[in-house]
Amino acid sequence: MDAVEKANTERQKRWVKDQKVGEGTYAVVYRGREASTNRKVAIKKIKVGQFKDGLDMSAIREVKYLRELKHQNVIELLDVFSSKTNLNLVLEFLDSDLEMIIKDRSLVFLPADIKSWIAMTFRGLEFCHRNWILHRDLKPNNLLIASDGQLKIADFGLARDFADPGYKMTCQVITRWYRPPELLYGCRYYSTAVDIWSVGCIFAELMLRTPYLAGESDMDQLKTIFRALGTPSEQEWPGHTKLPDYVPMGQFPKQPLRDLFTAASADTLNLLGQCLVYEPRKRITAKDALHHAYFFALPYPSHPTKLPKCAAQLTAALPLEELDGNTLTGKTSRLKRKLTSPSDDTKTRPAVARRLDFTKPTPGS
Amino acid sequence: MAALKIPKPFYEASTQFKNWRYSPQSLAQVRSSLNAAAVAVIRNTFEADEPGSSSAVSFLAPDEELLLVRLYVSKITQLCGFFRFPEEVEATAVSYLKRFYLKNTVMDWHPKNVMYGPPMRSLTALFLATKTTNNPISLEAYTNNIPKTNPSDVLDLEFLVAQSLGFEFAVWHAHRALWGIWLDLQNAPDAPPNRAASQSEVYDTALRHVRASRLSDAELIYTPSQIALASLSMASPELMAEWAASKFPADSPSLSMLQSTLASITTLIESAARPVDVEAVRGVDLRLKLCKNPEKVVGSKAYLAKKAEEERKAEEKRNRKAAVDVQGAMEEGDPFGDELAGRLVDYDDDDDDD
């Protein structure tokens with residue numbers, strides 16, 4: 001046996017698959033453990049044999065970026081090994097995600113809890129951006145929660161390095177409700193600001209306990225945004241009418257954030273507003289956000305271990321579909337909730353984006 | 001570095017820094033032990049096939065293997081020119097190939113014909129690089145443009161290449177570092193106006209040196225920015241000095257250390273720039289045909305024996321699994337019920353738990 005195969009077999013032996021917890025078109029997720037320590041892990045087995053172009057792009061992206069990123073607020077990729085025609089990613093085990101927590105009606109969020117989750121999100125994101133990586137699919141479902149309450153950014157299947165200025169990227173990224181207006185207008189040159197918009201939407205969702213800007217189609221998404229934040233003027237967002245897919249949407253007046261977020265402090269609304277600035281270049285950066293007055297004002301962020309947890313998280317044997325909410329199916333109430341929610345389209349949306357990206361015959365995505 | 005209070009560079013967190021950095025001595029060590037292990041294995045295979053047969057074989061020495069790898073690297077450049085791939089794809093594929101041959105030997109994985117067809121390892125490394133750098137091309141479009149290549153030739157090796165790389169796909173390149181230095185120089189306080197245009201030939205020359213460095217071991221020993229800086233100093237010692245002066249105090253000990261590093265890189269680049277001795281390579285290639293691992297030569301006796309052994313093991317595993325499954329169904333009460341139907345021996349079962 002070759003040295004490389006031998007090393008692979010050794011890696012494989014380090015991990016034990018215990019139980020299949022989800023299966024989808026391209027991946028099966030197992031709950032498992034490290035043989036020597038019994039440390040709990042999640043093993044995501046990606047079926048590679050079925051792709052005519054070999055290892056698929058989302059698996060490659062996930063492995064490429066997670067291999068390089070080590071941060072408390074980014075999911076840890078512990079190992080990678082192959083078995084026959086499968087690629088296995090060994091990830092740290094995380095019990096739940098922010099979507100589950102938001103939707104658990106029995107939980108009450110304090111302003112300090114929301115501050116803590118948003119702080120952890122910005123910390124993880126600032127680290128990605130500092131490493132020149134755009135996530136491009138931030139949403140509550142991709143923010144996983146560890147048993148100690150730490151929030152971890154997961155699912156790097158759509159991530160990429162920043163392109164040089166002037167180098168085109170695809171605008172078919174980010175789940176619709178969290179997608180910024182520049183991408184909806186077909187902008188092909190963009191940067192970290194796209195992820196910041198998503199964080200703004202998540203921030204609002206934590207306060208509202210329901211998705212903030214839930215459009216029913218790409219067109220409707222823009223209308224939903226404008227209805228909430230007002231139609232941007234040329235002054236507010238110079239040049240947006242020149243974007244490839246620009247269409248006039250009608251004039252909507254700006255609704256003060258205060259009208260919807262009645263209980264929020266001025267600092268809260270200021271940071272939220274800065275995440276949802278139309279002009280991408282004026283949107284706050286992750287680094288500046290971490291220095292925003294909101295995080296230094298009372299109440300201080302809750303300690304992660306004190307954050308609300310959903311009931312399901314406290315009982316064992318959870319499905320790990322959150323490892324890839326787009327493809328996996330499970331058997332719990334969480335799945336039922338997902339099926340009945342309009343967010344069903346999130347199951348196909350990123351998949352479409354991936355497919356578009358993947359089949360692109362020429363450079364430029 | 002510590003004296004200058006420079007925070008730990010981000011580069012040091014990369015897998016490239018952690019896992020693909022060698023000293024010239026450790027690099028030689030890795031190659032010679034890889035070579036020795038391969039020779040031992042292949043010798044055994046020859047002996048098993050026909051006792052006494054290995055004594056007549058002249059195996060390749062580590063330097064000779066390296067000579068072939070250099071040739072494969074140059075083929076990648078040609079292919080990238082043909083496909084008009086961006087520089088990042090080419091540089092990444094070259095790094096992949098070099099890393100691959102730090103884990104595999106040329107004697108195990110030899111292309112059918114080095115001189116006339118691009119070696120398959122290179123093709124797979126290049127195809128993988130198009131994907132990892134986000135410049136994907138369909139496999140069909142890729143292989144259609146390369147004579148005598150089928151999609152399966154590339155795919156069959158993709159896993160082996162990815163495994164050899166430790167699934168560490170991110171590579172940091174000297175040409176990017178050079179671009180960064182070039183941007184620094186344009187922003188320098190006393191830069192002449194429009195330096196980008198007026199001194200563009202310096203950048204072009206430095207870039208040529210960076211490209212030449214890809215044929216050397218430089219990237220396995222030095223950081224991308226060291227290679228870039230050496231290339232710049234070869235193109236224009238004055239500009240290199242200007243840049244260094246902006247980064248280090250004049251009496252900094254780092255500066256003299258840097259000078260000696262740059263000198264070593266310059267030597268590597270200069271020797272890499274010399275054309276490969278085609279006759280020498282041809283000779284090595286001819287000998288390789290006689291000493292490559294017979295287990296990897298499709299159709300050979302050793303190859304067939306290895307395949308048969310693998311098949312026997314797989315069959316054994318399936319039978320064991322089937323026995324367990326049937327037994328399980330019996331224990332559950334109804335060996336003829338629906339349960340069993342779904343538990344028949346599954347030849348496609350790719351579960352690796354057992």
# chains A, B, ... in the order shown; residues from 1 in each chain; ligands from 1

$ closest_atom_pairs --of "chain A" --to "chain B" --cutoff "10 Å" --atoms "only C-alpha atoms" --output "Markdown table"
| residue | atom | partner | partner_atom | distance |
| --- | --- | --- | --- | --- |
| A:Met1 | CA | B:Val41 | CA | 9.4 |
| A:Asp2 | CA | B:Asn104 | CA | 7.9 |
| A:Ala3 | CA | B:Lys103 | CA | 7.2 |
| A:Val4 | CA | B:Ser164 | CA | 5.8 |
| A:Glu5 | CA | B:Gln163 | CA | 7.8 |
| A:Ala7 | CA | B:Gln163 | CA | 8.8 |
| A:Asn8 | CA | B:Gln163 | CA | 7.2 |
| A:Gln12 | CA | B:Asp352 | CA | 9.3 |
| A:Lys13 | CA | B:Asp353 | CA | 9.9 |
| A:Trp15 | CA | B:Asp353 | CA | 9.9 |
| A:Val16 | CA | B:Asp353 | CA | 7.4 |
| A:Lys17 | CA | B:Asp353 | CA | 6.4 |
| A:Asp18 | CA | B:Asp353 | CA | 8.4 |
| A:Gln19 | CA | B:Asp353 | CA | 9.9 |
| A:Lys45 | CA | B:Asp351 | CA | 9.5 |
| A:Lys47 | CA | B:Asp350 | CA | 9.1 |
| A:Val48 | CA | B:Phe159 | CA | 9.6 |
| A:Gly49 | CA | B:Leu155 | CA | 9.3 |
| A:Phe51 | CA | B:Leu155 | CA | 10.0 |
| A:Lys52 | CA | B:Leu139 | CA | 7.5 |
| A:Asp53 | CA | B:Leu139 | CA | 5.3 |
| A:Gly54 | CA | B:Leu155 | CA | 6.0 |
| A:Leu55 | CA | B:Glu158 | CA | 7.8 |
| A:Asp56 | CA | B:Lys131 | CA | 8.2 |
| A:Met57 | CA | B:Lys131 | CA | 6.5 |
| A:Ser58 | CA | B:Lys131 | CA | 9.8 |
| A:Ala59 | CA | B:Thr132 | CA | 10.0 |
| A:Ile60 | CA | B:Thr132 | CA | 6.3 |
| A:Arg61 | CA | B:Thr132 | CA | 6.9 |
| A:Val63 | CA | B:Phe167 | CA | 7.0 |
| A:Lys64 | CA | B:Phe169 | CA | 5.2 |
| A:Tyr65 | CA | B:Ala170 | CA | 7.5 |
| A:Leu66 | CA | B:Glu168 | CA | 9.6 |
| A:Arg67 | CA | B:Glu168 | CA | 6.4 |
| A:Glu68 | CA | B:Ser14 | CA | 5.7 |
| A:Leu69 | CA | B:Ala13 | CA | 8.2 |
| A:Lys70 | CA | B:Ala13 | CA | 8.4 |
| A:Asp79 | CA | B:Phe167 | CA | 9.2 |
| A:Val80 | CA | B:Phe167 | CA | 6.9 |
| A:Phe81 | CA | B:Gln163 | CA | 7.4 |
| A:Ser82 | CA | B:Phe159 | CA | 7.5 |
| A:Ser83 | CA | B:Asp352 | CA | 7.0 |
| A:Lys84 | CA | B:Asp350 | CA | 7.4 |
| A:Thr85 | CA | B:Asp350 | CA | 8.0 |
| A:Asn86 | CA | B:Asp350 | CA | 8.0 |
| A:Leu87 | CA | B:Phe159 | CA | 8.7 |
| A:Arg130 | CA | B:Phe10 | CA | 9.1 |
| A:Asn131 | CA | B:Phe10 | CA | 8.0 |
| A:Arg160 | CA | B:Asn134 | CA | 7.6 |
| A:Asp161 | CA | B:Thr133 | CA | 8.8 |
| A:Met169 | CA | B:Asn134 | CA | 9.9 |
| A:Asp357 | CA | B:Pro136 | CA | 8.4 |
| A:Phe358 | CA | B:Pro136 | CA | 6.8 |
| A:Thr359 | CA | B:Ser138 | CA | 6.8 |
| A:Lys360 | CA | B:Pro136 | CA | 6.8 |
| A:Pro361 | CA | B:Ile137 | CA | 4.8 |
| A:Thr362 | CA | B:Ile137 | CA | 6.3 |
| A:Pro363 | CA | B:Asn135 | CA | 4.6 |
| A:Gly364 | CA | B:Asn135 | CA | 7.0 |
| A:Ser365 | CA | B:Asn134 | CA | 7.1 |

$ residues_around --residues "Gly250 in chain A" --least-positions-apart "2" --cutoff "9 Å" --atoms "only C-alpha atoms" --output "list in words"
Lys223, Phe226, Thr231, Pro248 and Phe252 of chain A

$ residues_around --residues "Gly239 in chain A" --least-positions-apart "5" --cutoff "10 Å" --atoms "only C-alpha atoms" --output "PyMOL selection string"
chain A and resi 233-234+279

$ write_last_selection --atoms "C-alpha atoms" --output "mmCIF file, in the first residue's frame"
data_model
loop_
_atom_site.group_PDB
_atom_site.id
_atom_site.type_symbol
_atom_site.label_atom_id
_atom_site.label_comp_id
_atom_site.auth_asym_id
_atom_site.auth_seq_id
_atom_site.Cartn_x
_atom_site.Cartn_y
_atom_site.Cartn_z
ATOM 1 C CA SER A 233 -32.147 57.710 -3.803
ATOM 2 C CA GLU A 234 -29.249 58.376 -6.155
ATOM 3 C CA GLU A 279 -24.328 52.013 -0.395
#

$ select_by_dssp --residues "range 149-341 of chain A" --states "strand (DSSP E or B)" --output "list in words"
Leu151, Lys152, Ile153, Arg160, Asp161 and Thr329 of chain A

$ residues_around --residues "Val69 in chain B" --least-positions-apart "2" --cutoff "10 Å" --atoms "only C-alpha atoms" --output "NGL selection string"
:B and (63-67 or 71-75 or 94 or 97-98 or 100-101 or 105-106 or 122 or 215)

$ residues_around --residues "Tyr30 in chain A" --least-positions-apart "6" --cutoff "6 Å" --atoms "only C-alpha atoms" --output "list in words"
Gln19, Lys20, Val21, Ala42 and Ile43 of chain A

$ residues_around --residues "Ser116 in chain A" --least-positions-apart "5" --cutoff "12 Å" --atoms "only C-alpha atoms" --output "VMD selection string"
chain A and resid 73 109 to 111 121 to 123 149 to 151 203 206 290 294 to 296 299 to 308
